[in-house]
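S.K.: Got a structure for you, questions after.
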Amino acid sequence: MKIAIILGTRPEIIKLSPIIRHLKNNKGNFFIIHTNQHYSYEMDKIFLNELNLPKSNYNLKLNNTKNHGEMVGKMMIEIEKILIQEKPDLVIVQGDTNTTLAGALTGSKLGIKIAHIEAGLRSYDRSMPEEINRVITDHLSDFLFCPTKNQKKILINEGIDKNKIFVVGNTIVDAIFENIKIAEKNKKLVEKYKNTKYFLLTLHRPSNVDNKERLEKIIKILEKLVYIYKIPIIFPIHPRTKINLKKFNINIDKKKIKIINPLGYLEMLLTEKYAQIILTDSGGLQEEACILKVPCLTLRYNTERPETIKVGANILVGNEEKKLLEGIKAMLNKKRNWKNPYGEKVYQKVLFFIENK
């Protein structure tokens, strides 16, 4: 079987890394299309150095396109050319990005089977582009690999054939367990974060950072949090957020919130592991915090990762000061003994079902 792996963002690389690594080590017949939806030095560094993954066979360099429709359209044009030339039997996509949607649409129109890793997640918020991408990709896919039984129920209720659905867990578990071992070889970085008390912040969702009043409100609440607990915030800033802070002329107290450039994945993994609490609007970071046994407060009013809330690893606080401060107080005193809801050795299950179906 010849497999096309289509990816374009950092989370996709991370979550597909166990599958790519396994195929590479076992001389699997596969190739990688990298759309470069999110380009950065760290992105390429992940491929070449940090995770010991092969360089992409095709790099589309489409990161300069900002409009969703234009981006998906350009991706489809280029992906189609490659798939016609390579003639794969299966296309693997992951998650909820424009790359995911473009890969699934293009492969489906060419009659190629589609495998969707991390299928069935729903926030039920159609204002999020990611929600649209997930729904469409799921309904186009031939193999739907769900993290838990909850996603299987969602997909069946949407009318998807249960014989296409496989509950396997989430490959982020494999990625974290494999890659944390690599990260911890850097003793200097381990000591740096292990011996420092801090909260970790990520903030990039358009609903939070594209609105001046909302972004300003969140920053003020976070500064108050630091004032109360005397624990600084480390903030690896997303390019979108950085642009908007400048655009909206929002000033940040740099003594309270330490803004740093985006980190490579392995260093980011260490900052997560040793944080007192993770504050985020990222879906993937909710999972990673849960697996690493670090309490998480999500700066959103909904989540497609309800399992993290169910096991007690995560609280939704939106942008409400009272909820955030109450959440911090509860999570700082919480025992980190919750169960990982996302399984283990997930990549083996995914490849087993692909090869034996």
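Going by the structure tokens order, chains are called A, B, ..., each with residues numbered from 1, while ligands are numbered from 1 in the order shown.
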How would you write, as JSON, numbers by chain, the set of residues in range 65-252 of chain A that DSSP gives as strand (DSSP E)?
M.R.: {"A": [90, 91, 92, 93, 94, 113, 114, 115, 116, 117, 143, 144, 145, 146, 165, 166, 167, 199, 200, 201, 202, 233, 234, 235, 236]}
S.K.: Show which residues sit within 8 Å of His204 in chain A, as a list in words. Count only C-alpha atoms, and ignore same-chain residues fewer than 5 positions away.
M.R.: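 Here the answer would be Val209, His238, Arg240, Thr241, Asp281 and Ser282 of chain A.
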S.K.: Choose the residue, out of A:Val294, A:Met128, A:Leu245, A:Ala119, that has the smallest atom-to-atom separation from Leu155 in chain A; count only C-alpha atoms.
M.R.: A:Ala119
S.K.: Could you list, as a PDB file with N, CA and C atoms, in the first residue's frame, every residue within 10 Å of Thr148 in chain A, counting only C-alpha atoms and ignoring same-chain residues fewer than 5 positions away?
M.R.:
```
ATOM      1  N   GLU A 118      -7.864  11.570  14.415  1.00  0.00           N
ATOM      2  CA  GLU A 118      -8.508  12.485  15.362  1.00  0.00           C
ATOM      3  C   GLU A 118      -9.880  12.905  14.842  1.00  0.00           C
ATOM      4  N   ALA A 119     -10.656  11.936  14.422  1.00  0.00           N
ATOM      5  CA  ALA A 119     -11.988  12.197  13.867  1.00  0.00           C
ATOM      6  C   ALA A 119     -13.027  12.355  14.973  1.00  0.00           C
ATOM      7  N   GLY A 120     -14.111  13.040  14.625  1.00  0.00           N
ATOM      8  CA  GLY A 120     -15.282  13.090  15.499  1.00  0.00           C
ATOM      9  C   GLY A 120     -15.281  14.164  16.559  1.00  0.00           C
ATOM     10  N   LEU A 121     -14.255  14.995  16.636  1.00  0.00           N
ATOM     11  CA  LEU A 121     -14.248  16.053  17.632  1.00  0.00           C
ATOM     12  C   LEU A 121     -15.209  17.158  17.216  1.00  0.00           C
ATOM     13  N   LYS A 153     -19.816   8.032  18.985  1.00  0.00           N
ATOM     14  CA  LYS A 153     -21.245   8.309  19.132  1.00  0.00           C
ATOM     15  C   LYS A 153     -21.645   9.530  18.304  1.00  0.00           C
ATOM     16  N   PHE A 166     -13.248   3.819  14.017  1.00  0.00           N
ATOM     17  CA  PHE A 166     -12.365   3.008  14.871  1.00  0.00           C
ATOM     18  C   PHE A 166     -11.949   3.845  16.083  1.00  0.00           C
ATOM     19  N   VAL A 167     -12.255   3.359  17.265  1.00  0.00           N
ATOM     20  CA  VAL A 167     -11.837   4.030  18.501  1.00  0.00           C
ATOM     21  C   VAL A 167     -10.438   3.534  18.852  1.00  0.00           C
ATOM     22  N   VAL A 168      -9.460   4.408  18.728  1.00  0.00           N
ATOM     23  CA  VAL A 168      -8.061   3.986  18.899  1.00  0.00           C
ATOM     24  C   VAL A 168      -7.299   4.785  19.954  1.00  0.00           C
ATOM     25  N   GLY A 169      -7.853   5.938  20.395  1.00  0.00           N
ATOM     26  CA  GLY A 169      -7.088   6.853  21.232  1.00  0.00           C
ATOM     27  C   GLY A 169      -6.549   7.981  20.371  1.00  0.00           C
ATOM     28  N   ASN A 170      -5.646   8.764  20.925  1.00  0.00           N
ATOM     29  CA  ASN A 170      -5.101   9.909  20.201  1.00  0.00           C
ATOM     30  C   ASN A 170      -3.591   9.777  20.069  1.00  0.00           C
ATOM     31  N   GLU A 307     -13.176  15.380  27.185  1.00  0.00           N
ATOM     32  CA  GLU A 307     -12.581  14.350  28.052  1.00  0.00           C
ATOM     33  C   GLU A 307     -11.639  14.965  29.080  1.00  0.00           C
ATOM     34  N   PRO A 341      -7.196   9.947  29.279  1.00  0.00           N
ATOM     35  CA  PRO A 341      -8.334   9.370  28.554  1.00  0.00           C
ATOM     36  C   PRO A 341      -8.038   8.991  27.108  1.00  0.00           C
ATOM     37  N   TYR A 342      -6.779   9.174  26.670  1.00  0.00           N
ATOM     38  CA  TYR A 342      -6.488   9.078  25.242  1.00  0.00           C
ATOM     39  C   TYR A 342      -5.691   7.848  24.816  1.00  0.00           C
ATOM     40  N   GLY A 343      -5.578   6.848  25.698  1.00  0.00           N
ATOM     41  CA  GLY A 343      -4.977   5.583  25.293  1.00  0.00           C
ATOM     42  C   GLY A 343      -3.462   5.605  25.196  1.00  0.00           C
TER      43      GLY A 343
END
```
S.K.: Rank A:Ala115, A:Val93, A:Ala183, A:Ile20 by their smallest atom-to-atom distance to Ile354 in chain A, using only C-alpha atoms, and report the top residue only.
M.R.: A:Ala115
S.K.: Name the closest residue to Pro11 in chain A among the candidates A:Gly284, A:Pro129, A:Gly111, A:Gly312; distances are taken between atoms, counting only C-alpha atoms.
M.R.: A:Gly284
S.K.: Between CA of Thr99 in chain A and CA of Lys81 in chain A, what is the distance in Å, rounded to a tenth?
M.R.: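 These two atoms are separated by 15.3 Å.
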S.K.: Could you go through range 92-331 of chain A and tell me which residues DSSP, when run on the backbone, assigns to alpha helix (DSSP H), listing them as JSON, numbers by chain?
M.R.: {"A": [98, 99, 100, 101, 102, 103, 104, 105, 106, 107, 108, 109, 129, 130, 131, 132, 133, 134, 135, 136, 137, 138, 139, 140, 149, 150, 151, 152, 153, 154, 155, 156, 157, 171, 172, 173, 174, 175, 176, 177, 178, 179, 180, 181, 182, 183, 187, 188, 189, 190, 191, 192, 193, 194, 206, 207, 208, 209, 212, 213, 214, 215, 216, 217, 218, 219, 220, 221, 222, 223, 224, 225, 226, 227, 228, 229, 239, 240, 241, 242, 243, 244, 245, 246, 247, 265, 266, 267, 268, 269, 270, 271, 272, 273, 283, 284, 285, 286, 287, 288, 289, 290, 291, 292, 306, 307, 308, 309, 310, 321, 322, 323, 324, 325, 326, 327, 328, 329, 330, 331]}
S.K.: Using CA of Lys230 in chain A and CA of Lys273 in chain A as the two end points, give the distance in Å to one decimal.
M.R.: 20.0 Å
S.K.: For Leu203 in chain A, list every protein, DNA or RNA residue within 10 Å, evaluated using only C-alpha atoms, and leave out those in the same chain fewer than 2 positions away; present the list as a list in words.
M.R.: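 In the requested form, the answer reads Leu201, Arg205, Pro206, Asn208, Val209, Leu215, Ile218, Phe235, Pro236, Ile237, His238, Arg240, Thr241, Lys242, Leu279, Thr280, Asp281, Ser282, Thr298 and Leu299 of chain A.
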S.K.: Please, could you write that set of residues out with C-alpha atoms as a short mmCIF file (atom, residue, chain, number, x, y, z; two decimals), in the first residue's frame?
M.R.:
```cif
data_model
loop_
_atom_site.label_atom_id
_atom_site.label_comp_id
_atom_site.auth_asym_id
_atom_site.auth_seq_id
_atom_site.Cartn_x
_atom_site.Cartn_y
_atom_site.Cartn_z
CA LEU A 201 0.19 30.99 28.31
CA ARG A 205 -7.72 31.95 18.46
CA PRO A 206 -9.26 34.67 16.24
CA ASN A 208 -9.77 36.00 21.37
CA VAL A 209 -7.07 37.95 19.58
CA LEU A 215 -7.81 40.74 23.87
CA ILE A 218 -7.76 38.95 28.75
CA PHE A 235 4.07 33.67 26.86
CA PRO A 236 5.51 32.17 23.63
CA ILE A 237 3.65 34.58 21.38
CA HIS A 238 1.84 33.52 18.22
CA ARG A 240 -1.16 36.59 14.86
CA THR A 241 -1.34 37.74 18.47
CA LYS A 242 1.87 39.73 18.19
CA LEU A 279 -3.56 28.88 30.26
CA THR A 280 -4.55 28.38 26.63
CA ASP A 281 -7.14 28.66 23.89
CA SER A 282 -5.50 25.81 21.94
CA THR A 298 -9.01 27.06 28.74
CA LEU A 299 -9.72 30.62 27.66
#
```
S.K.: My list of candidates is A:Ile182, A:Ile233, A:Val173, A:Ile156. Which is closest to Cys290 in chain A when distances are computed with only C-alpha atoms?
M.R.: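 Residue with the minimum atom-to-atom distance to Cys290 in chain A: A:Val173.
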